[in-house]
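Reviewing the structure listed below.
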Amino acid sequence: MGPEHSLAGKPCVLCDEKIAVRCAKIWSFRSTFCTSNMRNDTLQIRIDDNELSAFAELCKADEVSVSVKVRELMAKYVREQKKVRVAWADTTLAGNQMHMVTGSEKSGEGDHAKKTELGMPSLSVRSLRVGEMFSGPGGIGLALSRTKFEGFSFRHVWATDYDPDTCRTYRENVLKNEPTAKCICEDVRTLDIDKLPLVDGFLYGFPCNDFSLVGESKGLHGNYGGLYTYGVRYINRANPLFFFAENVSGLSSANDGKAFKMILAALNNAGVYGYNITANLYRFEDYGVPQARHRYILIGIRGDLGLTFKVPKPSGTLKTCREALEGIPADAPNQEPTRMGQQVIERLSYIREGENVWQAEESGRLPANLRLNVKGARLSQIYRRLDSNKPAYTVTGSGGGGTHVYHWSENRALTNRERARLQTFPDDFVFCGNKESVRKQIGMAVPCDGAQIILEALLKTLAGVTYDNIEPSVGIFTAKSLSNF
């Protein structure tokens with residue numbers, strides 16, 4: 001099998017260099033390369049040196065070599081994935097067969113009313129099967145896992161996203177206790193939507209890039225603006241009991257308001273019966289989320305059920321960013337500091353709590369060599385410090401210098417774990433990928449706690465239980481009451 005060297009007293013990797021030498025050679029990457037021989041093949045992996053040392057210590061305690069343990073873990077993963085694929089194939093086949101029966105009983109091409117309810121989701125079950133399109137890392141997915149009410153709960157069947165890191169994050173956190181659920185990593189534009197199993201509830205946060213108020217807003221004419229139609233297509237086929245659609249506050253102004261009206265009408269008329277839609281702009285800070293994050297959420301309930309969702313009443317309790325960031329363990333995942341140049345650190349030293357770089361310039365405090373000298377529009381979040389006595393401003397997933405969200409007193413950007421705290425992800429939720437990938441995932445997510453409040457209200461609605469509510473900011477639209485564009 002070739003020469004081995006030892007780590008922590010046990011055989012570890014198959015190479016001719018010592019770990020110390022190898023670590024020194026790649027210290028700038030803060031990682032270690034480790035190879036494990038598997039018969040005639042050699043696998044090379046990248047792993048943080050601290051993680052490698054911890055893994056080796058655990059292997060030593062179990063009296064097993066690192067290379068053997070790696071092979072065992074890989075073999076276990078292969079076995080589990082084979083089971084998942086078999087279960088997924090069975091679920092897909094069953095769902096499609098049900099749909100074929102439903103479709104065969106139509107008396108005419110346009111005779112939707114004749115469709116039998118065989119195979120159409122009903123409220124006779126309490127464990128509601130759910131599917132997510134454009135799932136992101138799992139803000140809504142985690143909320144689904146945690147939400148229960150009087151016997152009602154949610155059970156994941158499938159989720160889709162196009163980004164590999166995002167899919168791994170979702171799979172390893174949201175689906176870790178649901179081995180038969182499937183996370184499909186594929187661009188929705190190439191996905192065979194007709195093969196997705198039927199579910200009782202459908203959730204999707206169609207990409208918001210072209211509707212965002214931050215940066216250029218292209219609306220329906222952008223690369224992402226029309227992706228909501230793929231969700232409508234699935235609803236037309238599956239007729240779920242409910243849908244949960246989410247997008248940014250800029251949606252209402254895109255294309256002079258036409259985009260929002262078009263999306264509302266398409267969802268209102270989707271499926272056999274259409275959907276009673278409650279549309280509201282949620283200010284998540286009003287619901288105890290430690291971040292000013294505003295999102296449109298449309299809750300649709302199938303028209304034949306005779307139910308209408310009510311917007312849950314805000315708690316009225318504000319949670320500050322200081323409260324949110326207290327007590328993060330030193331070894332929490334995704335807690336690596338953001339590297340910043342000396343000039344950025346010096347610039348931050350002149351910016352007061354709650355201020356941005358422009359306010360520091362206008363006050364005369366910022367030296368000329370630290371000014372940005374930007375002409376035109378000035379975004380308010382550039383090098384903006386948090387106000388420790390208020391919820392954070394909106395956490396974003398992209399942007400260059402000055403957009404990373406900055407601590408109220410320390411001259412630094414927040415870590416990804418701190419950003420995740422502001423999005424109400426628990427500390428044991430581990431994001432996969434490099435630092436920028438993790439930043440993007442966190443910034444694109446829906447706050448877990450905010451989503452859970454809405455989902456709890458949805459379960460109460462399905463159970464016929466009343467709760468404190470407010471009037472929706474947009475309105476309530478009875479199924480098939482809006483004209484399609």
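A note on labels: chains of the structure tokens are A, B, ... as shown, every chain counts residues from 1, and ligands are counted from 1 in their shown order.
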>> I'd like the contact shell of A:Arg155 - 6 Å cut-off, only C-alpha atoms, skipping same-chain residues fewer than 3 positions apart - returned as a ChimeraX atom specification.
In response: /A:128-130
With C-alpha atoms retained, write the just-selected residues as a PDB file, in the first residue's frame.
```
ATOM      1  CA  LEU A 128     -48.081  17.433   5.212  1.00  0.00           C
ATOM      2  CA  ARG A 129     -45.616  16.578   2.443  1.00  0.00           C
ATOM      3  CA  VAL A 130     -43.732  19.633   1.216  1.00  0.00           C
TER       4      VAL A 130
END
```
>> What's the separation between atom CA of A:Glu410 and atom CA of A:Cys321, in Å to one decimal place?
In response: 13.9 Å
>> DSSP on the backbone, strand (DSSP E or B) only: what residues of stretch 118-329 of chain A does that give? Format it as a ChimeraX atom specification.
In response: /A:127-133,148-149,152-161,182-185,201-204,242-248,275-283,291,294-302,311-312
Save out the residues we just selected, C-alpha atoms, as a PDB file, in the first residue's frame.
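Writing done, so here's selection34.pdb:
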```pdb
ATOM      1  CA  SER A 127     -48.144  15.098   8.186  1.00  0.00           C
ATOM      2  CA  LEU A 128     -48.081  17.433   5.212  1.00  0.00           C
ATOM      3  CA  ARG A 129     -45.616  16.578   2.443  1.00  0.00           C
ATOM      4  CA  VAL A 130     -43.732  19.633   1.216  1.00  0.00           C
ATOM      5  CA  GLY A 131     -41.521  20.533  -1.716  1.00  0.00           C
ATOM      6  CA  GLU A 132     -39.326  23.632  -2.096  1.00  0.00           C
ATOM      7  CA  MET A 133     -38.198  25.232  -5.334  1.00  0.00           C
ATOM      8  CA  LYS A 148     -45.986  21.779  14.519  1.00  0.00           C
ATOM      9  CA  PHE A 149     -49.542  22.454  15.702  1.00  0.00           C
ATOM     10  CA  PHE A 152     -50.141  18.955  12.052  1.00  0.00           C
ATOM     11  CA  SER A 153     -46.546  18.998  10.869  1.00  0.00           C
ATOM     12  CA  PHE A 154     -44.497  19.138   7.679  1.00  0.00           C
ATOM     13  CA  ARG A 155     -42.475  16.380   6.027  1.00  0.00           C
ATOM     14  CA  HIS A 156     -39.866  17.161   3.386  1.00  0.00           C
ATOM     15  CA  VAL A 157     -40.108  15.259   0.111  1.00  0.00           C
ATOM     16  CA  TRP A 158     -37.954  17.307  -2.235  1.00  0.00           C
ATOM     17  CA  ALA A 159     -36.140  20.611  -2.639  1.00  0.00           C
ATOM     18  CA  THR A 160     -34.318  22.194  -5.567  1.00  0.00           C
ATOM     19  CA  ASP A 161     -31.600  24.791  -6.011  1.00  0.00           C
ATOM     20  CA  LYS A 182     -34.225  14.572  -1.992  1.00  0.00           C
ATOM     21  CA  CYS A 183     -32.311  17.794  -2.653  1.00  0.00           C
ATOM     22  CA  ILE A 184     -31.965  18.251  -6.415  1.00  0.00           C
ATOM     23  CA  CYS A 185     -29.079  20.433  -7.530  1.00  0.00           C
ATOM     24  CA  GLY A 201     -47.537  22.127   0.264  1.00  0.00           C
ATOM     25  CA  PHE A 202     -45.330  23.954  -2.224  1.00  0.00           C
ATOM     26  CA  LEU A 203     -42.873  26.665  -1.176  1.00  0.00           C
ATOM     27  CA  TYR A 204     -40.646  28.823  -3.307  1.00  0.00           C
ATOM     28  CA  PHE A 242     -51.194  25.592  -0.206  1.00  0.00           C
ATOM     29  CA  PHE A 243     -48.253  27.518  -1.537  1.00  0.00           C
ATOM     30  CA  PHE A 244     -45.818  29.905   0.151  1.00  0.00           C
ATOM     31  CA  ALA A 245     -44.146  32.359  -2.257  1.00  0.00           C
ATOM     32  CA  GLU A 246     -41.510  34.844  -1.117  1.00  0.00           C
ATOM     33  CA  ASN A 247     -39.697  37.776  -2.699  1.00  0.00           C
ATOM     34  CA  VAL A 248     -38.072  41.104  -1.893  1.00  0.00           C
ATOM     35  CA  TYR A 275     -55.908  29.888  -4.782  1.00  0.00           C
ATOM     36  CA  ASN A 276     -57.169  32.297  -2.136  1.00  0.00           C
ATOM     37  CA  ILE A 277     -54.108  34.510  -1.754  1.00  0.00           C
ATOM     38  CA  THR A 278     -53.131  36.664   1.205  1.00  0.00           C
ATOM     39  CA  ALA A 279     -50.341  39.038   0.165  1.00  0.00           C
ATOM     40  CA  ASN A 280     -48.405  40.970   2.779  1.00  0.00           C
ATOM     41  CA  LEU A 281     -45.141  42.849   3.137  1.00  0.00           C
ATOM     42  CA  TYR A 282     -43.585  41.424   6.310  1.00  0.00           C
ATOM     43  CA  ARG A 283     -41.272  43.606   8.366  1.00  0.00           C
ATOM     44  CA  GLN A 291     -32.721  42.535  11.499  1.00  0.00           C
ATOM     45  CA  HIS A 294     -38.723  43.293   4.511  1.00  0.00           C
ATOM     46  CA  ARG A 295     -40.166  40.613   2.271  1.00  0.00           C
ATOM     47  CA  TYR A 296     -43.374  40.032   0.359  1.00  0.00           C
ATOM     48  CA  ILE A 297     -44.876  36.678   1.211  1.00  0.00           C
ATOM     49  CA  LEU A 298     -47.909  35.338  -0.594  1.00  0.00           C
ATOM     50  CA  ILE A 299     -49.786  32.515   1.107  1.00  0.00           C
ATOM     51  CA  GLY A 300     -52.208  30.747  -1.195  1.00  0.00           C
ATOM     52  CA  ILE A 301     -54.766  28.151  -0.055  1.00  0.00           C
ATOM     53  CA  ARG A 302     -56.508  26.032  -2.688  1.00  0.00           C
ATOM     54  CA  VAL A 311     -51.480  37.656   8.624  1.00  0.00           C
ATOM     55  CA  PRO A 312     -50.259  36.868  12.169  1.00  0.00           C
TER      56      PRO A 312
END
```
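Among the candidate residues A:Leu325, A:Val438, A:Leu264, A:Tyr273, the one lying nearest to A:Gly306 is A:Tyr273, with distances computed using only C-alpha atoms.
Residues of stretch 200-342 of chain A carrying a DSSP assignment of alpha helix (DSSP H), computed from the backbone, are A:Tyr228, A:Thr229, A:Tyr230, A:Gly231, A:Val232, A:Arg233, A:Tyr234, A:Ile235, A:Asn236, A:Arg237, A:Ala238, A:Lys258, A:Ala259, A:Phe260, A:Lys261, A:Met262, A:Ile263, A:Leu264, A:Ala265, A:Ala266, A:Leu267, A:Asn268, A:Cys321, A:Arg322, A:Glu323, A:Ala324, A:Gln342.
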Convert the current residue selection to file output with C-alpha atoms, as a compact mmCIF listing (two decimals), in the first residue's frame.
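Written out: out04.txt:
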```
# COMPACT_ATOMS: atom_id res chain seq x y z
CA TYR A 228 -41.63 32.45 -10.97
CA THR A 229 -43.40 30.75 -13.90
CA TYR A 230 -41.73 27.42 -13.08
CA GLY A 231 -43.47 27.40 -9.73
CA VAL A 232 -46.79 28.20 -11.37
CA ARG A 233 -46.22 25.31 -13.74
CA TYR A 234 -45.69 22.92 -10.82
CA ILE A 235 -48.82 24.20 -9.05
CA ASN A 236 -50.85 23.69 -12.24
CA ARG A 237 -49.78 20.08 -12.27
CA ALA A 238 -49.79 19.17 -8.56
CA LYS A 258 -46.86 45.26 -13.55
CA ALA A 259 -44.58 42.40 -12.45
CA PHE A 260 -46.30 42.03 -9.08
CA LYS A 261 -49.77 42.11 -10.65
CA MET A 262 -48.76 39.51 -13.24
CA ILE A 263 -47.31 37.16 -10.62
CA LEU A 264 -50.35 37.57 -8.34
CA ALA A 265 -52.75 36.82 -11.18
CA ALA A 266 -50.81 33.75 -12.33
CA LEU A 267 -50.80 32.26 -8.83
CA ASN A 268 -54.41 33.25 -8.17
CA CYS A 321 -28.33 43.09 17.12
CA ARG A 322 -26.32 43.23 20.35
CA GLU A 323 -28.68 40.65 21.91
CA ALA A 324 -28.49 38.49 18.80
CA GLN A 342 -5.22 48.39 7.07
```
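For the set A:Pro290, A:Gly400, A:Pro121, A:Gly450, the residue with the smallest atom-to-atom gap to A:Pro314 is A:Gly450, counting only C-alpha atoms.
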> Between A:Gly250, A:Gly354, A:Ile453, A:Asn334, which has the minimum distance to A:Asn434 (counting only C-alpha atoms)?
Replying inline: A:Asn334
Fewer than 3 positions away in the same chain doesn't count, so skip those; otherwise give me all residues within 12 Å of A:Pro447, counting only C-alpha atoms, as a CSV table (one decimal) with N, CA and C atoms, in the first residue's frame.
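Below is the file result02.csv, written as the result:
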```
chain,number,residue,atom,x,y,z
A,136,GLY,N,-32.7,27.7,-1.5
A,136,GLY,CA,-31.7,28.4,-0.7
A,136,GLY,C,-31.1,27.4,0.3
A,137,PRO,N,-30.3,27.9,1.3
A,137,PRO,CA,-29.7,27.1,2.2
A,137,PRO,C,-30.6,26.4,3.3
A,138,GLY,N,-31.8,27.0,3.4
A,138,GLY,CA,-32.7,26.3,4.4
A,138,GLY,C,-33.4,27.1,5.4
A,139,GLY,N,-33.5,28.4,5.2
A,139,GLY,CA,-34.2,29.3,6.2
A,139,GLY,C,-35.7,28.8,6.3
A,140,ILE,N,-36.4,28.7,5.2
A,140,ILE,CA,-37.7,28.2,5.3
A,140,ILE,C,-37.7,26.7,5.6
A,141,GLY,N,-36.8,25.9,5.0
A,141,GLY,CA,-36.7,24.5,5.2
A,141,GLY,C,-36.6,24.2,6.7
A,142,LEU,N,-35.7,24.9,7.4
A,142,LEU,CA,-35.5,24.6,8.8
A,142,LEU,C,-36.8,25.0,9.6
A,143,ALA,N,-37.4,26.1,9.2
A,143,ALA,CA,-38.7,26.5,9.9
A,143,ALA,C,-39.7,25.4,9.7
A,246,GLU,N,-42.2,33.7,-1.8
A,246,GLU,CA,-41.5,34.8,-1.1
A,246,GLU,C,-40.7,35.6,-2.1
A,282,TYR,N,-44.0,41.7,4.9
A,282,TYR,CA,-43.6,41.4,6.3
A,282,TYR,C,-42.3,42.2,6.7
A,283,ARG,N,-42.4,42.9,7.8
A,283,ARG,CA,-41.3,43.6,8.4
A,283,ARG,C,-40.8,42.7,9.5
A,284,PHE,N,-39.8,41.9,9.2
A,284,PHE,CA,-39.5,40.8,10.2
A,284,PHE,C,-39.0,41.3,11.5
A,285,GLU,N,-38.4,42.6,11.5
A,285,GLU,CA,-38.0,43.1,12.8
A,285,GLU,C,-39.2,43.3,13.8
A,287,TYR,N,-41.4,41.1,14.2
A,287,TYR,CA,-41.7,39.8,14.7
A,287,TYR,C,-40.6,39.2,15.5
A,288,GLY,N,-39.7,40.1,16.0
A,288,GLY,CA,-38.6,39.6,16.9
A,288,GLY,C,-37.4,39.2,16.2
A,289,VAL,N,-37.3,39.3,14.9
A,289,VAL,CA,-36.1,39.0,14.1
A,289,VAL,C,-35.1,40.2,14.3
A,290,PRO,N,-33.8,39.9,14.7
A,290,PRO,CA,-32.9,41.1,15.0
A,290,PRO,C,-32.3,41.7,13.7
A,291,GLN,N,-33.2,42.0,12.8
A,291,GLN,CA,-32.7,42.5,11.5
A,291,GLN,C,-33.9,43.2,10.8
A,292,ALA,N,-33.7,44.4,10.2
A,292,ALA,CA,-34.7,45.0,9.4
A,292,ALA,C,-34.7,44.4,8.0
A,293,ARG,N,-35.6,43.4,7.9
A,293,ARG,CA,-35.6,42.7,6.6
A,293,ARG,C,-37.1,42.6,6.2
A,294,HIS,N,-37.4,43.2,5.0
A,294,HIS,CA,-38.7,43.3,4.5
A,294,HIS,C,-38.9,42.4,3.3
A,295,ARG,N,-39.9,41.6,3.4
A,295,ARG,CA,-40.2,40.6,2.3
A,295,ARG,C,-41.7,40.5,2.0
A,394,THR,N,-30.4,45.4,6.8
A,394,THR,CA,-30.5,44.1,6.0
A,394,THR,C,-29.2,43.5,5.6
A,395,VAL,N,-29.1,42.2,6.0
A,395,VAL,CA,-27.9,41.4,5.6
A,395,VAL,C,-28.0,41.0,4.1
A,419,ARG,N,-23.5,36.9,11.0
A,419,ARG,CA,-24.6,37.2,10.0
A,419,ARG,C,-25.7,36.2,10.1
A,420,ALA,N,-25.3,34.9,10.3
A,420,ALA,CA,-26.3,33.9,10.4
A,420,ALA,C,-27.2,34.1,11.7
A,421,ARG,N,-26.6,34.6,12.7
A,421,ARG,CA,-27.3,34.9,13.9
A,421,ARG,C,-28.4,35.9,13.6
A,422,LEU,N,-28.0,36.9,12.9
A,422,LEU,CA,-29.0,38.0,12.5
A,422,LEU,C,-30.1,37.4,11.6
A,423,GLN,N,-29.9,36.3,10.9
A,423,GLN,CA,-30.9,35.6,10.1
A,423,GLN,C,-31.6,34.5,11.0
A,424,THR,N,-31.3,34.5,12.3
A,424,THR,CA,-31.8,33.5,13.2
A,424,THR,C,-31.5,32.1,13.0
A,425,PHE,N,-30.4,31.8,12.3
A,425,PHE,CA,-30.0,30.4,12.1
A,425,PHE,C,-29.3,30.0,13.4
A,426,PRO,N,-29.6,28.8,13.9
A,426,PRO,CA,-28.9,28.3,15.1
A,426,PRO,C,-27.4,28.0,14.9
A,441,GLN,N,-25.1,32.6,0.7
A,441,GLN,CA,-26.2,31.7,1.1
A,441,GLN,C,-27.0,32.4,2.3
A,442,ILE,N,-26.2,33.0,3.2
A,442,ILE,CA,-26.8,33.6,4.4
A,442,ILE,C,-27.7,34.8,3.9
A,443,GLY,N,-27.1,35.6,3.0
A,443,GLY,CA,-27.8,36.8,2.6
A,443,GLY,C,-29.0,36.6,1.8
A,444,MET,N,-29.1,35.4,1.1
A,444,MET,CA,-30.3,35.1,0.3
A,444,MET,C,-31.4,34.4,1.0
A,450,GLY,N,-38.7,34.1,11.5
A,450,GLY,CA,-39.8,34.8,10.9
A,450,GLY,C,-40.7,33.8,10.1
A,451,ALA,N,-40.0,32.9,9.3
A,451,ALA,CA,-40.7,31.9,8.5
A,451,ALA,C,-41.6,31.0,9.4
A,452,GLN,N,-41.0,30.6,10.6
A,452,GLN,CA,-41.7,29.7,11.5
A,452,GLN,C,-43.0,30.4,12.0
A,453,ILE,N,-43.0,31.7,12.3
A,453,ILE,CA,-44.2,32.3,12.7
A,453,ILE,C,-45.3,32.3,11.7
A,454,ILE,N,-44.9,32.5,10.4
A,454,ILE,CA,-45.9,32.4,9.3
A,454,ILE,C,-46.4,31.0,9.1
```
>> Which residue is closest to A:Phe429? Choose from A:Leu175, A:Val188, A:Val465, A:Ile351 and count only C-alpha atoms.
In response: A:Leu175
